[in-house]
Amino acid sequence: MPSLRIDGTETDFYYVDSGVPTLKDRPYTTLVMLHGRGFNSHIFHRLLPVAKSTHIRLVLVNRRGYAGSTPFDPRDAELFESSLSSLDDSGQSIPQSERSISRHYTTFLQHRGVEMARFLFKFIKQEKIPPISHEAGRPSGGISLLGWSFGNTITLSLLAFANTFDPGMMKTLERFLRKVIIYDATIHAIGYPSPDSYYPSWDAEIPPEERQLESWIWESSYFSYPQSLRDPNTPMCDLMSGVLAQRSPNPGKRATMSNIMSDDFAAGFEPATAENGDIFLLPHQARPVHRSVYMRALFRSLNEGNAPVLLPKVGISYVWGTESIWQCILAMKATEDDISSPPDCFHIPRRVKFFAIEGGNHFTHWDNPLKVLATFDEALA
């Protein structure tokens, strides 16, 4: 399978390309997808055959350190480890250490955002992607970027640090980049505080050696929530108790992990390691930086005055599964609340729209690829 090397570096990204769609009545749109934590892009591969008969060209990318893509330098790991080791035995850090940790996280994510922008830039040129156009009142062509679950930390970093792009790359992205899709983000990915609730990894009643498997099954299960969840006028605070109470999955639906064959699991599963950087983005010390990246990507500080909005025509589409895990349900509601009532001193310079996958869980792209791709098509419009 192909890989793409970022110009001027020794960084390669492995990817799988569905190819140019067979439908020719309007220009196709390229959708670059980034996976989350623990699973590489193989988790999306059931979307590939469906895409051939749509107007979407899928490009499934393995993030740094995942199979076929360049791992991080050990020196990157040392920076995180030296900063985290400054924490005292109580787990508290002195202000100077907190600032150091924040700088490392911010710099790391800034580099990932620029890296992904450079991937898009080269792919556009290399594959001669059609630019954004309008056919019969609908946008066509161009390229969009999707992050699933924890992968949103990288995709949102592209928008958050667009001020660091070189002029040539910025000019190209202005002509080609249409949407950034947030797909079933977790609360950690957007830097939202984690409330006390159930998670199998924290369950003392489950033997330690069984918690990982139980977590996979639980994360890929289906959960039932109040109907009011779908009402954007219902604030998150009114739903918290009902959402967090969903410890037990819907017994009438099989967990996705029960449907994944051992060969597919072996091809897709990769744990968080120093080589893929995820192990350093998971600790609670990273949450404030994830929150800052999320705010910079979606909002604009009133303190910036008349400074121009970068990539102003790029819209945000938020796709979520109505029966996903509580971490993703709360992330969606938190974002919905932020959009309806922006935090103090912020406003929204971009168009943000929400798209629900009715009956979808966190892995619904595996269970129902046709429905998911249809929703992506709506989100790209």
# chains A, B, ... in the order shown; residues from 1 in each chain; ligands from 1
$ select_by_dssp --residues "stretch 62-223 of chain A" --states "helix (DSSP H, G or I)" --output "ChimeraX atom specification"
/A:74-84,95-127,149-160,162-164,167-176,200-202,208-219
$ residues_around --residues "A:Ser69" --least-positions-apart "3" --cutoff "12 Å" --atoms "only C-alpha atoms" --output "VMD selection string"
chain A and resid 1 to 6 10 to 16 40 to 41 61 to 66 72 275 to 276
$ closest_residue --among "A:Arg351, A:Thr273, A:Pro27, A:Pro308" --to "A:His134" --atoms "only C-alpha atoms"
A:Pro27
$ atom_distance --atom1 "atom CA of A:Glu210" --atom2 "atom CA of A:Arg46"
27.9 Å
$ closest_residue --among "A:Lys353, A:Arg230, A:Arg26, A:Arg112" --to "A:Ala136" --atoms "only C-alpha atoms"
A:Arg26
$ residues_around --residues "A:Pro193" --least-positions-apart "5" --cutoff "8 Å" --atoms "only C-alpha atoms" --output "MDAnalysis selection string"
chainID A and resid 187:188 287
$ residues_around --residues "A:Gly277" --least-positions-apart "6" --cutoff "12 Å" --atoms "only C-alpha atoms" --output "list of chain:residue names"
A:Gly36, A:Arg37, A:Gly38, A:Arg63, A:Arg64, A:Gly65, A:Tyr66, A:Thr70, A:Pro71, A:Phe72, A:Asp73, A:Pro74, A:Arg75, A:Asp76, A:Ala77, A:Glu78, A:Leu79, A:Phe80, A:Glu81, A:Tyr105, A:Phe108, A:Leu109, A:Arg112, A:Phe150, A:Gly151, A:Thr153, A:Ile154, A:Pro271, A:Pro283
$ closest_atom_pairs --of "stretch 133-227 of chain A" --to "stretch 240-264 of chain A" --cutoff "8 Å" --atoms "only C-alpha atoms" --output "Markdown table"
| residue | atom | partner | partner_atom | distance |
| --- | --- | --- | --- | --- |
| A:Ser197 | CA | A:Leu244 | CA | 5.8 |
| A:Tyr198 | CA | A:Arg247 | CA | 6.0 |
| A:Tyr199 | CA | A:Arg247 | CA | 7.8 |
| A:Trp216 | CA | A:Met257 | CA | 6.9 |
| A:Ile217 | CA | A:Met257 | CA | 5.6 |
| A:Trp218 | CA | A:Pro249 | CA | 7.3 |
| A:Ser220 | CA | A:Thr256 | CA | 5.1 |
| A:Ser221 | CA | A:Ala255 | CA | 4.1 |
| A:Tyr222 | CA | A:Pro249 | CA | 5.5 |
| A:Phe223 | CA | A:Pro249 | CA | 4.9 |
| A:Ser224 | CA | A:Asn250 | CA | 6.5 |
| A:Tyr225 | CA | A:Val243 | CA | 6.3 |
| A:Pro226 | CA | A:Gly242 | CA | 7.2 |
$ write_last_selection --atoms "C-alpha atoms" --output "compact mmCIF listing (two decimals), in the first residue's frame"
# COMPACT_ATOMS: atom_id res chain seq x y z
CA SER A 197 -18.80 7.57 35.98
CA TYR A 198 -18.36 3.98 34.93
CA TYR A 199 -15.59 2.62 32.75
CA TRP A 216 -13.13 -2.91 24.08
CA ILE A 217 -16.44 -4.73 24.30
CA TRP A 218 -18.00 -1.95 26.37
CA SER A 220 -18.15 -0.92 21.05
CA SER A 221 -21.56 -1.58 22.65
CA TYR A 222 -24.84 0.28 22.16
CA PHE A 223 -26.42 2.44 24.87
CA SER A 224 -29.89 3.92 25.30
CA TYR A 225 -30.32 7.58 26.27
CA PRO A 226 -33.25 9.97 26.86
$ residues_around --residues "A:Thr106" --least-positions-apart "3" --cutoff "10 Å" --atoms "only C-alpha atoms" --output "ChimeraX atom specification"
/A:100-103,109-112,157,161,286,288-290,292-293
$ write_last_selection --atoms "C-alpha atoms" --output "PDB file, in the first residue's frame"
ATOM      1  CA  SER A 100       6.717  23.249  30.943  1.00  0.00           C
ATOM      2  CA  ILE A 101       4.284  20.367  30.430  1.00  0.00           C
ATOM      3  CA  SER A 102       1.813  22.678  28.705  1.00  0.00           C
ATOM      4  CA  ARG A 103       4.522  23.950  26.349  1.00  0.00           C
ATOM      5  CA  LEU A 109       0.161  19.207  18.764  1.00  0.00           C
ATOM      6  CA  GLN A 110       1.212  22.237  16.747  1.00  0.00           C
ATOM      7  CA  HIS A 111       3.695  20.070  14.883  1.00  0.00           C
ATOM      8  CA  ARG A 112       1.013  17.432  14.287  1.00  0.00           C
ATOM      9  CA  SER A 157      -4.736  21.066  15.615  1.00  0.00           C
ATOM     10  CA  PHE A 161      -2.326  26.360  14.337  1.00  0.00           C
ATOM     11  CA  ALA A 286      -2.908  17.089  28.517  1.00  0.00           C
ATOM     12  CA  PRO A 288      -6.024  21.857  29.258  1.00  0.00           C
ATOM     13  CA  VAL A 289      -4.001  21.835  26.045  1.00  0.00           C
ATOM     14  CA  HIS A 290      -6.636  19.770  24.223  1.00  0.00           C
ATOM     15  CA  SER A 292      -7.077  25.193  24.145  1.00  0.00           C
ATOM     16  CA  VAL A 293      -6.679  23.516  20.733  1.00  0.00           C
TER      17      VAL A 293
END
$ select_by_dssp --residues "stretch 27-190 of chain A" --states "strand (DSSP E)" --output "ChimeraX atom specification"
/A:29-34,56-61,133-135,138-140,143-148,177-183
$ residues_around --residues "A:Ile348" --least-positions-apart "6" --cutoff "7 Å" --atoms "only C-alpha atoms" --output "tab-separated table (two decimals) with N, CA, C and O atoms, in the first residue's frame"
chain	number	residue	atom	x	y	z
A	298	LEU	N	-12.35	26.10	16.85
A	298	LEU	CA	-13.77	26.38	16.62
A	298	LEU	C	-14.16	27.82	16.88
A	298	LEU	O	-15.12	28.32	16.29
A	299	PHE	N	-13.45	28.48	17.78
A	299	PHE	CA	-13.87	29.80	18.24
A	299	PHE	C	-12.80	30.86	17.95
A	299	PHE	O	-11.72	30.56	17.46
A	300	ARG	N	-13.16	32.05	18.28
A	300	ARG	CA	-12.23	33.17	18.08
A	300	ARG	C	-12.34	34.09	19.28
A	300	ARG	O	-13.43	34.46	19.72
$ closest_residue --among "A:Leu173, A:His365, A:Ala267, A:His55" --to "A:Leu380" --atoms "only C-alpha atoms"
A:His55
$ atom_distance --atom1 "atom CA of A:Gly321" --atom2 "atom CA of A:His362"
6.4 Å
$ residues_around --residues "A:Ser149" --least-positions-apart "2" --cutoff "7 Å" --atoms "only C-alpha atoms" --output "list of chain:residue names"
A:Gly36, A:Gly147, A:Gly151, A:Asn152, A:Tyr183, A:Asp184, A:Ala185, A:Thr186
$ atom_distance --atom1 "atom CA of A:Gly168" --atom2 "atom CA of A:Arg118"
10.7 Å
$ closest_residue --among "A:Ala374, A:Val50, A:Leu58, A:Ala297" --to "A:Leu311" --atoms "only C-alpha atoms"
A:Ala297
